[in-house]
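Peer 1: This is the structure I want to talk about, given as structure tokens.
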Amino acid sequence: MDRPSRWAIMLSAFGGSFLSNTCVIGLQWGDEGKGKIVDALAAQHELVVRYCGGANAGHSVTVGPERFALHLIPSGILFEQVLCVIGTGVALDLETLLQEIEGLQARGVKVEENLKISDRAHLVMPYHKLEDELAEQAASGSNKLGTTKRGIGPCYTDRAARRWGIRLGEVYSPESFRDKLAHTVEHKNRIFKALYGAEALDVDEIFASMQQMAQRLEPHVVDATALLNDAAEQGRSILFEGAQGSLLDLDHGTYPYVTSSNCSVAGVSAGTGVPFRSIDRIIGILKAYCTRVGAGPFPSELHDSTSEFLRERGHEYGTTTGRPRRCGWFDAVAARHTCRINGVDSVAIMLLDVLSGLEEINIVTAYRYQGKNLCSFPAQAEVLDQVEPICETVPGWTEQIDQCRCFSDLPANAQAYIHRLEALLHTQVEIVSVGPDRDATIYI
Ligand code: GDP
Ligand code: IMO
Ligand code: MG
């Protein structure tokens with residue numbers, strides 16, 4: 001493993017200071033286009049850091065004809081000079097990570113000393129994935145969460161319970177790791193058998209495979225908390241890459257239909273060890289409409305031909321699971337809630353090009369519940385499930401906009417749509433995205 005003095009040397013090798021420390025945070029139910037924006041901003045930062053979630057994330061980056069889907073590796077990896085860090089708060093699946101590293105290397109992407117992994121990150125173990133799968137299979141009705149089955153919930157549960165959680169750094173002390181693993185697997189096997197009649201997992205097999213994978217990753221493993229704080233103290237610019245979206249935040253999202261981490265800005269400090277005061281700006285990422293995968297309330301959801309239109313035009317199929325995404329209108333009530341809880345400085349409106357061709361566009365501006373307008377975003381999923389979304393209708397545009405590179409190139413109605421969102425969100429729109437490619441971006 002690296003030692004502090006080496007990180008300091010390596011950090012200085014990554015040279016020059018550019019922008020301030022920036023957070024890129026999803027403001028809907030994930031898949032807002034965070035990967036594209038992180039890639040777009042990465043070149044102006046020296047470090048890109050993941051702080052939450054795990055391989056449930058799927059971040060797409062499109063560069064010309066090439067498309068990359070990143071799950072655990074930060075979306076700054078396509079820039080060799082950027083130091084990518086997988087932080088403490090990430091639920092780390094070593095198998096997926098190794099596959100991802102190999103996949104990128106096979107495509108000529110450098111993944112060497114430019115990737116660092118926190119020794120404090122909790123491991124997603126084979127029994128976590130199995131538990132996620134079995135629990136979802138056994139659940140019915142409103143108990144089904146529609147998880148990605150990547151073991152995220154069980155891993156974070158064990159972390160919080162403290163008795164069974166295993167951190168990456170522990171694997172490098174084989175004896176104590178073997179003891180803890182034996183104890184944990186025995187416990188898990190008893191539960192799996194009693195609840196699901198599942199066959200016992202083999203502790204030796206798990207031990208051998210974890211050891212082997214951890215050895216391969218050892219050159220990347222560091223005390224990321226120290227590395228990031230050194231970087232911040234040296235004035236190096238850090239880009240914090242959110243995963244999921246704030247409506248999936250464990251505390252502030254549509255509980256229980258959420259993920260198991262704080263994917264809003266609240267998770268940045270916990271998931272990296274970098275103090276809040278080091279964050280200079282927060283950019284919220286929003287689609288020009290709304291999507292959601294998995295179960296849970298979605299007030300602006302459509303079940304008509306417009307939903308099909310959005311899904312096909314926006315290629316709305318999950319980057320991680322391939323599941324078709326549920327589609328609906330832009331929900332300004334939900335987005336205002338997430339702008340506030342994140343304290344965003346500005347927002348990026350993504351996939352605006354997908355709306356081209358719609359005669360009229362709706363925006364949800366209020367929720368009615370039991371005959372009254374709600375004045376805040378409701379806490380209960382049951383309430384959110386029953387609200388009547390109140391829509392404002394604005395005119396659409398017919399022109400294709402994917403070649404627009406200045407705000408003034410956009411059709412008047414598209415400009416008006418953006419201005420209307422700014423007014424509803426009380427937040428400035430800083431970026432408008434008009435296509436998946438890096439270049440298809442308008443900076444206002
Ligand atoms: P993330 O999880 O937030 O990084 O988002 P995903 O990558 O899962 O999903 C966003 C999808 O939209 C990806 O397929 C992107 O390539 C694509 N995308 C991003 N921005 C735009 C855009 O402005 N227009 C279009 N048409 N697609 C976009
Ligand atoms: P990115 O980073 C969209 C959803 C799942 C499910 C719920 C819980 O690509 O935006 P989990 O496996 O985390 O226990 O599933 O959260 N979900 C996402 N939806 N984008 C994601 O990540 C997601 N990560 C988790 O579909 O509804
Ligand atoms: Mg995604």
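As shown in the structure tokens, the chain order sets the letters A, B, ...; within each chain, residues go from 1, and ligands are also counted from 1 in the order they appear.
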Quick one: residues within 6 Å of segment 24-35 of chain A, only C-alpha atoms counted, chain neighbours fewer than 4 positions away excluded, as a PDB file with all heavy atoms, in the first residue's frame?
Peer 2:
ATOM      1  N   HIS A  59     -22.594   5.184 -15.126  1.00  0.00           N
ATOM      2  CA  HIS A  59     -22.383   6.541 -15.638  1.00  0.00           C
ATOM      3  C   HIS A  59     -21.828   6.456 -17.060  1.00  0.00           C
ATOM      4  O   HIS A  59     -20.760   5.894 -17.277  1.00  0.00           O
ATOM      5  CB  HIS A  59     -21.417   7.303 -14.731  1.00  0.00           C
ATOM      6  CG  HIS A  59     -21.970   7.532 -13.342  1.00  0.00           C
ATOM      7  ND1 HIS A  59     -21.290   8.179 -12.355  1.00  0.00           N
ATOM      8  CD2 HIS A  59     -23.172   7.205 -12.800  1.00  0.00           C
ATOM      9  CE1 HIS A  59     -22.040   8.236 -11.261  1.00  0.00           C
ATOM     10  NE2 HIS A  59     -23.186   7.636 -11.506  1.00  0.00           N
ATOM     11  N   SER A  60     -22.567   7.024 -18.012  1.00  0.00           N
ATOM     12  CA  SER A  60     -22.127   6.938 -19.406  1.00  0.00           C
ATOM     13  C   SER A  60     -21.340   8.174 -19.796  1.00  0.00           C
ATOM     14  O   SER A  60     -21.723   9.293 -19.478  1.00  0.00           O
ATOM     15  CB  SER A  60     -23.326   6.863 -20.359  1.00  0.00           C
ATOM     16  OG  SER A  60     -24.330   6.075 -19.811  1.00  0.00           O
ATOM     17  N   VAL A  61     -20.265   7.901 -20.525  1.00  0.00           N
ATOM     18  CA  VAL A  61     -19.468   8.990 -21.088  1.00  0.00           C
ATOM     19  C   VAL A  61     -19.307   8.672 -22.573  1.00  0.00           C
ATOM     20  O   VAL A  61     -18.906   7.572 -22.937  1.00  0.00           O
ATOM     21  CB  VAL A  61     -18.079   9.068 -20.404  1.00  0.00           C
ATOM     22  CG1 VAL A  61     -17.234  10.140 -21.065  1.00  0.00           C
ATOM     23  CG2 VAL A  61     -18.219   9.335 -18.903  1.00  0.00           C
ATOM     24  N   SER A  75     -15.693   9.042 -13.325  1.00  0.00           N
ATOM     25  CA  SER A  75     -15.822   9.381 -14.744  1.00  0.00           C
ATOM     26  C   SER A  75     -14.733  10.339 -15.237  1.00  0.00           C
ATOM     27  O   SER A  75     -14.812  10.826 -16.364  1.00  0.00           O
ATOM     28  CB  SER A  75     -17.200   9.983 -15.013  1.00  0.00           C
ATOM     29  OG  SER A  75     -18.204   9.078 -14.611  1.00  0.00           O
ATOM     30  N   GLU A 241     -17.882  13.308  -7.485  1.00  0.00           N
ATOM     31  CA  GLU A 241     -18.851  12.757  -8.445  1.00  0.00           C
ATOM     32  C   GLU A 241     -19.964  12.033  -7.697  1.00  0.00           C
ATOM     33  O   GLU A 241     -19.747  10.949  -7.136  1.00  0.00           O
ATOM     34  CB  GLU A 241     -18.132  11.778  -9.382  1.00  0.00           C
ATOM     35  CG  GLU A 241     -19.075  11.051 -10.334  1.00  0.00           C
ATOM     36  CD  GLU A 241     -18.331  10.173 -11.341  1.00  0.00           C
ATOM     37  OE1 GLU A 241     -17.089  10.113 -11.296  1.00  0.00           O
ATOM     38  OE2 GLU A 241     -19.011   9.551 -12.178  1.00  0.00           O
ATOM     39  N   GLY A 242     -21.137  12.610  -7.707  1.00  0.00           N
ATOM     40  CA  GLY A 242     -22.276  11.956  -7.080  1.00  0.00           C
ATOM     41  C   GLY A 242     -22.685  10.726  -7.880  1.00  0.00           C
ATOM     42  O   GLY A 242     -22.495  10.661  -9.097  1.00  0.00           O
ATOM     43  N   GLN A 244     -26.186   7.940  -8.142  1.00  0.00           N
ATOM     44  CA  GLN A 244     -27.643   7.966  -7.900  1.00  0.00           C
ATOM     45  C   GLN A 244     -28.142   9.417  -7.983  1.00  0.00           C
ATOM     46  O   GLN A 244     -27.488  10.255  -8.583  1.00  0.00           O
ATOM     47  CB  GLN A 244     -28.005   7.335  -6.557  1.00  0.00           C
ATOM     48  CG  GLN A 244     -27.801   5.833  -6.459  1.00  0.00           C
ATOM     49  CD  GLN A 244     -26.368   5.401  -6.282  1.00  0.00           C
ATOM     50  OE1 GLN A 244     -25.695   5.819  -5.367  1.00  0.00           O
ATOM     51  NE2 GLN A 244     -25.885   4.544  -7.155  1.00  0.00           N
ATOM     52  N   GLY A 245     -29.268   9.669  -7.323  1.00  0.00           N
ATOM     53  CA  GLY A 245     -29.813  11.031  -7.353  1.00  0.00           C
ATOM     54  C   GLY A 245     -30.423  11.324  -6.003  1.00  0.00           C
ATOM     55  O   GLY A 245     -30.726  10.402  -5.218  1.00  0.00           O
ATOM     56  N   SER A 246     -30.640  12.602  -5.715  1.00  0.00           N
ATOM     57  CA  SER A 246     -31.049  12.988  -4.353  1.00  0.00           C
ATOM     58  C   SER A 246     -32.419  12.450  -3.963  1.00  0.00           C
ATOM     59  O   SER A 246     -32.716  12.341  -2.780  1.00  0.00           O
ATOM     60  CB  SER A 246     -31.028  14.502  -4.238  1.00  0.00           C
ATOM     61  OG  SER A 246     -29.739  14.954  -4.574  1.00  0.00           O
ATOM     62  N   LEU A 247     -33.254  12.097  -4.947  1.00  0.00           N
ATOM     63  CA  LEU A 247     -34.548  11.502  -4.588  1.00  0.00           C
ATOM     64  C   LEU A 247     -34.380  10.032  -4.196  1.00  0.00           C
ATOM     65  O   LEU A 247     -35.320   9.386  -3.742  1.00  0.00           O
ATOM     66  CB  LEU A 247     -35.554  11.649  -5.726  1.00  0.00           C
ATOM     67  CG  LEU A 247     -35.951  13.101  -6.050  1.00  0.00           C
ATOM     68  CD1 LEU A 247     -36.778  13.168  -7.328  1.00  0.00           C
ATOM     69  CD2 LEU A 247     -36.723  13.746  -4.891  1.00  0.00           C
ATOM     70  N   LEU A 248     -33.147   9.512  -4.376  1.00  0.00           N
ATOM     71  CA  LEU A 248     -32.819   8.153  -3.916  1.00  0.00           C
ATOM     72  C   LEU A 248     -31.981   8.217  -2.643  1.00  0.00           C
ATOM     73  O   LEU A 248     -31.508   7.178  -2.152  1.00  0.00           O
ATOM     74  CB  LEU A 248     -32.049   7.386  -4.997  1.00  0.00           C
ATOM     75  CG  LEU A 248     -32.816   6.981  -6.260  1.00  0.00           C
ATOM     76  CD1 LEU A 248     -31.854   6.437  -7.323  1.00  0.00           C
ATOM     77  CD2 LEU A 248     -33.880   5.935  -5.944  1.00  0.00           C
ATOM     78  N   ILE A 283     -22.992  21.720  -8.272  1.00  0.00           N
ATOM     79  CA  ILE A 283     -23.782  21.760  -9.511  1.00  0.00           C
ATOM     80  C   ILE A 283     -24.782  20.607  -9.463  1.00  0.00           C
ATOM     81  O   ILE A 283     -24.400  19.441  -9.320  1.00  0.00           O
ATOM     82  CB  ILE A 283     -22.886  21.619 -10.763  1.00  0.00           C
ATOM     83  CG1 ILE A 283     -21.804  22.702 -10.767  1.00  0.00           C
ATOM     84  CG2 ILE A 283     -23.725  21.701 -12.037  1.00  0.00           C
ATOM     85  CD1 ILE A 283     -20.847  22.609 -11.937  1.00  0.00           C
ATOM     86  N   GLY A 284     -26.048  20.923  -9.566  1.00  0.00           N
ATOM     87  CA  GLY A 284     -27.090  19.902  -9.579  1.00  0.00           C
ATOM     88  C   GLY A 284     -27.372  19.477 -11.018  1.00  0.00           C
ATOM     89  O   GLY A 284     -27.360  20.295 -11.934  1.00  0.00           O
ATOM     90  N   ILE A 285     -27.608  18.183 -11.204  1.00  0.00           N
ATOM     91  CA  ILE A 285     -27.856  17.664 -12.558  1.00  0.00           C
ATOM     92  C   ILE A 285     -29.315  17.200 -12.666  1.00  0.00           C
ATOM     93  O   ILE A 285     -29.780  16.412 -11.837  1.00  0.00           O
ATOM     94  CB  ILE A 285     -26.908  16.482 -12.893  1.00  0.00           C
ATOM     95  CG1 ILE A 285     -25.452  16.792 -12.487  1.00  0.00           C
ATOM     96  CG2 ILE A 285     -26.994  16.114 -14.370  1.00  0.00           C
ATOM     97  CD1 ILE A 285     -24.801  17.934 -13.215  1.00  0.00           C
ATOM     98  N   LEU A 286     -29.987  17.715 -13.682  1.00  0.00           N
ATOM     99  CA  LEU A 286     -31.406  17.400 -13.900  1.00  0.00           C
ATOM    100  C   LEU A 286     -31.629  17.049 -15.357  1.00  0.00           C
ATOM    101  O   LEU A 286     -31.102  17.725 -16.245  1.00  0.00           O
ATOM    102  CB  LEU A 286     -32.267  18.636 -13.594  1.00  0.00           C
ATOM    103  CG  LEU A 286     -32.405  19.054 -12.135  1.00  0.00           C
ATOM    104  CD1 LEU A 286     -32.831  20.515 -12.065  1.00  0.00           C
ATOM    105  CD2 LEU A 286     -33.417  18.165 -11.414  1.00  0.00           C
ATOM    106  N   LYS A 287     -32.436  16.041 -15.589  1.00  0.00           N
ATOM    107  CA  LYS A 287     -32.914  15.818 -16.957  1.00  0.00           C
ATOM    108  C   LYS A 287     -33.968  16.861 -17.270  1.00  0.00           C
ATOM    109  O   LYS A 287     -34.639  17.345 -16.335  1.00  0.00           O
ATOM    110  CB  LYS A 287     -33.585  14.450 -17.060  1.00  0.00           C
ATOM    111  CG  LYS A 287     -32.646  13.385 -17.496  1.00  0.00           C
ATOM    112  CD  LYS A 287     -33.307  12.039 -17.608  1.00  0.00           C
ATOM    113  CE  LYS A 287     -32.199  11.017 -17.746  1.00  0.00           C
ATOM    114  NZ  LYS A 287     -32.608   9.661 -17.571  1.00  0.00           N
ATOM    115  N   ARG A 292     -37.208   7.198 -13.795  1.00  0.00           N
ATOM    116  CA  ARG A 292     -36.948   6.437 -12.579  1.00  0.00           C
ATOM    117  C   ARG A 292     -36.853   4.959 -12.971  1.00  0.00           C
ATOM    118  O   ARG A 292     -37.638   4.509 -13.814  1.00  0.00           O
ATOM    119  CB  ARG A 292     -38.114   6.674 -11.605  1.00  0.00           C
ATOM    120  CG  ARG A 292     -38.111   5.801 -10.396  1.00  0.00           C
ATOM    121  CD  ARG A 292     -38.968   6.252  -9.246  1.00  0.00           C
ATOM    122  NE  ARG A 292     -38.266   5.732  -8.079  1.00  0.00           N
ATOM    123  CZ  ARG A 292     -38.515   5.994  -6.825  1.00  0.00           C
ATOM    124  NH1 ARG A 292     -39.481   6.798  -6.500  1.00  0.00           N
ATOM    125  NH2 ARG A 292     -37.792   5.472  -5.880  1.00  0.00           N
ATOM    126  N   THR A 338     -34.909  19.063  -4.047  1.00  0.00           N
ATOM    127  CA  THR A 338     -33.521  18.589  -4.071  1.00  0.00           C
ATOM    128  C   THR A 338     -32.522  19.733  -4.301  1.00  0.00           C
ATOM    129  O   THR A 338     -31.392  19.664  -3.821  1.00  0.00           O
ATOM    130  CB  THR A 338     -33.319  17.451  -5.099  1.00  0.00           C
ATOM    131  OG1 THR A 338     -33.822  17.868  -6.370  1.00  0.00           O
ATOM    132  CG2 THR A 338     -34.051  16.195  -4.655  1.00  0.00           C
TER     133      THR A 338
END
Peer 1: Enumerate, as number ranges by chain, the complete set of residues in segment 333-400 of chain A that a backbone-based DSSP assignment places in alpha helix (DSSP H).
Peer 2: A: 333-342, 381-386
Peer 1: Keeping all heavy atoms for every residue in the selection just given, could you write it to a file as a short mmCIF file (atom, residue, chain, number, x, y, z; two decimals), in the first residue's frame?
Peer 2:
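That gives us part20.cif:
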data_model
loop_
_atom_site.label_atom_id
_atom_site.label_comp_id
_atom_site.auth_asym_id
_atom_site.auth_seq_id
_atom_site.Cartn_x
_atom_site.Cartn_y
_atom_site.Cartn_z
N VAL A 333 -41.60 20.38 -8.41
CA VAL A 333 -41.76 20.30 -6.94
C VAL A 333 -40.62 19.46 -6.37
O VAL A 333 -39.93 19.87 -5.41
CB VAL A 333 -43.13 19.68 -6.56
CG1 VAL A 333 -43.29 19.63 -5.05
CG2 VAL A 333 -44.26 20.44 -7.21
N ALA A 334 -40.42 18.29 -6.97
CA ALA A 334 -39.35 17.41 -6.49
C ALA A 334 -37.98 18.06 -6.71
O ALA A 334 -37.10 18.00 -5.84
CB ALA A 334 -39.43 16.07 -7.23
N ALA A 335 -37.80 18.70 -7.85
CA ALA A 335 -36.48 19.30 -8.16
C ALA A 335 -36.19 20.50 -7.25
O ALA A 335 -35.04 20.71 -6.86
CB ALA A 335 -36.43 19.72 -9.63
N ARG A 336 -37.22 21.24 -6.92
CA ARG A 336 -37.02 22.37 -5.97
C ARG A 336 -36.58 21.82 -4.60
O ARG A 336 -35.69 22.37 -3.96
CB ARG A 336 -38.31 23.18 -5.86
CG ARG A 336 -38.30 24.28 -4.84
CD ARG A 336 -37.60 25.55 -5.33
NE ARG A 336 -37.43 26.52 -4.26
CZ ARG A 336 -36.28 26.98 -3.79
NH1 ARG A 336 -35.14 26.61 -4.36
NH2 ARG A 336 -36.23 27.83 -2.82
N HIS A 337 -37.20 20.71 -4.19
CA HIS A 337 -36.83 20.06 -2.93
C HIS A 337 -35.35 19.67 -2.96
O HIS A 337 -34.60 19.95 -2.01
CB HIS A 337 -37.73 18.83 -2.73
CG HIS A 337 -37.27 17.84 -1.71
ND1 HIS A 337 -37.28 18.10 -0.35
CD2 HIS A 337 -36.81 16.56 -1.83
CE1 HIS A 337 -36.83 17.05 0.31
NE2 HIS A 337 -36.54 16.09 -0.56
N THR A 338 -34.91 19.06 -4.05
CA THR A 338 -33.52 18.59 -4.07
C THR A 338 -32.52 19.73 -4.30
O THR A 338 -31.39 19.66 -3.82
CB THR A 338 -33.32 17.45 -5.10
OG1 THR A 338 -33.82 17.87 -6.37
CG2 THR A 338 -34.05 16.20 -4.65
N CYS A 339 -32.96 20.79 -5.01
CA CYS A 339 -32.07 21.98 -5.11
C CYS A 339 -31.81 22.52 -3.72
O CYS A 339 -30.69 22.90 -3.37
CB CYS A 339 -32.73 23.09 -5.94
SG CYS A 339 -32.63 22.83 -7.71
N ARG A 340 -32.86 22.55 -2.90
CA ARG A 340 -32.71 23.13 -1.56
C ARG A 340 -31.86 22.25 -0.65
O ARG A 340 -30.97 22.75 0.03
CB ARG A 340 -34.09 23.31 -0.91
CG ARG A 340 -34.89 24.38 -1.59
CD ARG A 340 -36.27 24.49 -0.97
NE ARG A 340 -36.24 25.22 0.29
CZ ARG A 340 -37.28 25.28 1.13
NH1 ARG A 340 -38.40 24.65 0.84
NH2 ARG A 340 -37.20 25.98 2.23
N ILE A 341 -32.14 20.94 -0.61
CA ILE A 341 -31.39 20.11 0.34
C ILE A 341 -29.91 20.02 -0.04
O ILE A 341 -29.07 19.75 0.81
CB ILE A 341 -31.99 18.69 0.53
CG1 ILE A 341 -31.99 17.91 -0.78
CG2 ILE A 341 -33.39 18.75 1.14
CD1 ILE A 341 -32.22 16.43 -0.59
N ASN A 342 -29.61 20.27 -1.31
CA ASN A 342 -28.21 20.24 -1.73
C ASN A 342 -27.56 21.62 -1.71
O ASN A 342 -26.35 21.74 -1.88
CB ASN A 342 -28.08 19.65 -3.14
CG ASN A 342 -28.27 18.15 -3.15
OD1 ASN A 342 -27.44 17.42 -2.64
ND2 ASN A 342 -29.40 17.69 -3.69
N ALA A 381 -44.01 7.91 1.33
CA ALA A 381 -44.13 7.40 -0.04
C ALA A 381 -45.60 7.20 -0.41
O ALA A 381 -45.99 7.43 -1.57
CB ALA A 381 -43.37 6.08 -0.16
N GLU A 382 -46.42 6.81 0.56
CA GLU A 382 -47.86 6.57 0.27
C GLU A 382 -48.53 7.87 -0.15
O GLU A 382 -49.40 7.87 -1.03
CB GLU A 382 -48.59 6.03 1.51
CG GLU A 382 -48.11 4.68 2.02
CD GLU A 382 -46.79 4.75 2.76
OE1 GLU A 382 -46.45 5.82 3.32
OE2 GLU A 382 -46.07 3.73 2.76
N VAL A 383 -48.15 8.97 0.47
CA VAL A 383 -48.73 10.27 0.10
C VAL A 383 -48.27 10.65 -1.31
O VAL A 383 -49.06 11.01 -2.18
CB VAL A 383 -48.33 11.37 1.13
CG1 VAL A 383 -48.83 12.73 0.69
CG2 VAL A 383 -48.86 11.00 2.51
N LEU A 384 -46.98 10.52 -1.52
CA LEU A 384 -46.41 10.89 -2.81
C LEU A 384 -47.04 10.06 -3.94
O LEU A 384 -47.22 10.54 -5.06
CB LEU A 384 -44.90 10.67 -2.76
CG LEU A 384 -44.04 11.43 -3.76
CD1 LEU A 384 -44.32 12.91 -3.75
CD2 LEU A 384 -42.56 11.18 -3.46
N ASP A 385 -47.38 8.84 -3.60
CA ASP A 385 -47.98 7.94 -4.56
C ASP A 385 -49.39 8.39 -4.94
O ASP A 385 -49.88 8.10 -6.03
CB ASP A 385 -48.05 6.55 -3.92
CG ASP A 385 -47.78 5.47 -4.92
OD1 ASP A 385 -47.24 5.79 -5.99
OD2 ASP A 385 -48.11 4.31 -4.62
N GLN A 386 -50.03 9.12 -4.05
CA GLN A 386 -51.43 9.50 -4.29
C GLN A 386 -51.61 10.96 -4.68
O GLN A 386 -52.73 11.39 -4.92
CB GLN A 386 -52.24 9.23 -3.02
CG GLN A 386 -52.45 7.74 -2.78
CD GLN A 386 -52.97 7.48 -1.38
OE1 GLN A 386 -53.75 8.26 -0.83
NE2 GLN A 386 -52.53 6.39 -0.78
#
Peer 1: Need to verify the contact set: Gln380 of chain A, 12 Å, only C-alpha atoms, exclusion of same-chain residues closer than 3 positions in sequence. Can you return it as a list in words?
Peer 2: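 The filter keeps Asp251, His252, Gly253, Thr254, Tyr255, Pro256, Tyr257, Gly296, Pro297, Ser376, Phe377, Val383, Leu384, Asp385, Gln386 and Val387 of chain A.
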Peer 1: Write to file, as a compact mmCIF listing (two decimals), in the first residue's frame, the residues of the selection just made, with all heavy atoms.
Peer 2:
# COMPACT_ATOMS: atom_id res chain seq x y z
N ASP A 251 -31.92 9.38 3.39
CA ASP A 251 -32.67 10.20 4.34
C ASP A 251 -33.63 11.18 3.67
O ASP A 251 -34.69 11.47 4.21
CB ASP A 251 -31.70 11.00 5.22
CG ASP A 251 -30.95 10.07 6.16
OD1 ASP A 251 -31.60 9.44 7.00
OD2 ASP A 251 -29.71 9.96 6.02
N HIS A 252 -33.24 11.73 2.53
CA HIS A 252 -34.02 12.83 1.96
C HIS A 252 -34.80 12.44 0.71
O HIS A 252 -35.48 13.25 0.12
CB HIS A 252 -33.09 14.01 1.68
CG HIS A 252 -32.34 14.43 2.90
ND1 HIS A 252 -32.94 15.06 3.94
CD2 HIS A 252 -31.04 14.22 3.27
CE1 HIS A 252 -32.05 15.26 4.91
NE2 HIS A 252 -30.89 14.75 4.53
N GLY A 253 -34.66 11.17 0.31
CA GLY A 253 -35.35 10.70 -0.88
C GLY A 253 -36.71 10.11 -0.56
O GLY A 253 -37.26 10.34 0.52
N THR A 254 -37.23 9.33 -1.49
CA THR A 254 -38.59 8.80 -1.38
C THR A 254 -38.56 7.45 -0.64
O THR A 254 -38.92 6.42 -1.20
CB THR A 254 -39.22 8.67 -2.78
OG1 THR A 254 -38.32 7.91 -3.62
CG2 THR A 254 -39.44 10.02 -3.42
N TYR A 255 -38.13 7.52 0.61
CA TYR A 255 -37.96 6.34 1.48
C TYR A 255 -39.27 5.55 1.58
O TYR A 255 -40.32 6.15 1.70
CB TYR A 255 -37.54 6.81 2.88
CG TYR A 255 -37.10 5.68 3.78
CD1 TYR A 255 -35.78 5.26 3.80
CD2 TYR A 255 -38.02 5.02 4.58
CE1 TYR A 255 -35.38 4.22 4.62
CE2 TYR A 255 -37.62 3.97 5.39
CZ TYR A 255 -36.31 3.57 5.40
OH TYR A 255 -35.91 2.53 6.20
N PRO A 256 -39.26 4.23 1.54
CA PRO A 256 -38.11 3.32 1.48
C PRO A 256 -37.62 3.02 0.06
O PRO A 256 -36.74 2.16 -0.10
CB PRO A 256 -38.69 2.06 2.12
CG PRO A 256 -40.12 2.05 1.69
CD PRO A 256 -40.55 3.49 1.64
N TYR A 257 -38.18 3.70 -0.93
CA TYR A 257 -37.78 3.41 -2.33
C TYR A 257 -36.57 4.27 -2.68
O TYR A 257 -36.66 5.19 -3.50
CB TYR A 257 -38.96 3.63 -3.27
CG TYR A 257 -40.15 2.78 -2.87
CD1 TYR A 257 -41.19 3.31 -2.12
CD2 TYR A 257 -40.18 1.42 -3.18
CE1 TYR A 257 -42.26 2.52 -1.71
CE2 TYR A 257 -41.23 0.62 -2.76
CZ TYR A 257 -42.26 1.17 -2.04
OH TYR A 257 -43.30 0.37 -1.62
N GLY A 296 -41.35 2.58 -6.64
CA GLY A 296 -41.47 3.80 -5.84
C GLY A 296 -42.31 4.86 -6.50
O GLY A 296 -42.55 4.81 -7.71
N PRO A 297 -42.77 5.83 -5.71
CA PRO A 297 -43.67 6.86 -6.23
C PRO A 297 -42.98 7.76 -7.27
O PRO A 297 -41.79 8.02 -7.16
CB PRO A 297 -44.04 7.67 -4.98
CG PRO A 297 -42.98 7.38 -3.98
CD PRO A 297 -42.47 6.01 -4.27
N SER A 376 -44.91 21.40 0.82
CA SER A 376 -43.53 20.88 0.78
C SER A 376 -43.56 19.47 0.22
O SER A 376 -44.62 18.87 0.06
CB SER A 376 -42.91 20.91 2.18
OG SER A 376 -43.63 20.04 3.03
N PHE A 377 -42.38 18.96 -0.07
CA PHE A 377 -42.25 17.63 -0.65
C PHE A 377 -42.59 16.60 0.44
O PHE A 377 -41.94 16.58 1.49
CB PHE A 377 -40.82 17.43 -1.15
CG PHE A 377 -40.64 16.21 -1.99
CD1 PHE A 377 -41.16 16.14 -3.28
CD2 PHE A 377 -39.91 15.12 -1.51
CE1 PHE A 377 -40.98 15.01 -4.06
CE2 PHE A 377 -39.74 13.99 -2.29
CZ PHE A 377 -40.27 13.94 -3.56
N VAL A 383 -48.15 8.97 0.47
CA VAL A 383 -48.73 10.27 0.10
C VAL A 383 -48.27 10.65 -1.31
O VAL A 383 -49.06 11.01 -2.18
CB VAL A 383 -48.33 11.37 1.13
CG1 VAL A 383 -48.83 12.73 0.69
CG2 VAL A 383 -48.86 11.00 2.51
N LEU A 384 -46.98 10.52 -1.52
CA LEU A 384 -46.41 10.89 -2.81
C LEU A 384 -47.04 10.06 -3.94
O LEU A 384 -47.22 10.54 -5.06
CB LEU A 384 -44.90 10.67 -2.76
CG LEU A 384 -44.04 11.43 -3.76
CD1 LEU A 384 -44.32 12.91 -3.75
CD2 LEU A 384 -42.56 11.18 -3.46
N ASP A 385 -47.38 8.84 -3.60
CA ASP A 385 -47.98 7.94 -4.56
C ASP A 385 -49.39 8.39 -4.94
O ASP A 385 -49.88 8.10 -6.03
CB ASP A 385 -48.05 6.55 -3.92
CG ASP A 385 -47.78 5.47 -4.92
OD1 ASP A 385 -47.24 5.79 -5.99
OD2 ASP A 385 -48.11 4.31 -4.62
N GLN A 386 -50.03 9.12 -4.05
CA GLN A 386 -51.43 9.50 -4.29
C GLN A 386 -51.61 10.96 -4.68
O GLN A 386 -52.73 11.39 -4.92
CB GLN A 386 -52.24 9.23 -3.02
CG GLN A 386 -52.45 7.74 -2.78
CD GLN A 386 -52.97 7.48 -1.38
OE1 GLN A 386 -53.75 8.26 -0.83
NE2 GLN A 386 -52.53 6.39 -0.78
N VAL A 387 -50.54 11.76 -4.67
CA VAL A 387 -50.73 13.18 -4.99
C VAL A 387 -51.20 13.33 -6.43
O VAL A 387 -50.89 12.51 -7.30
CB VAL A 387 -49.44 14.02 -4.79
CG1 VAL A 387 -49.04 14.06 -3.32
CG2 VAL A 387 -48.31 13.55 -5.67
Peer 1: Any idea what's packed within 9 Å of Leu168 of chain A, counting only C-alpha atoms, ignoring anything in its chain fewer than 4 positions away? Could you give it as a list in words?
Peer 2: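 Surrounding residues, per the criterion: Leu92, Ile117, Ser118, Asp119, Arg120, Ala121, His122, Leu123, Tyr172, Ala214 and Val221 of chain A.
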Peer 1: Tell me which of A:Arg159, A:Lys372, A:Lys149, A:Arg405 sits closest to Ser261 of chain A, counting only C-alpha atoms.
Peer 2: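 Smallest separation from Ser261 of chain A among the options: A:Arg159.
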Peer 1: When distances are computed from only C-alpha atoms, which of A:Ala224, A:Cys155, A:Ala414, A:Cys406 shows the smallest separation from Asp439 of chain A?
Peer 2: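 Checking each candidate against Asp439 of chain A, we get A:Cys406 as the closest.
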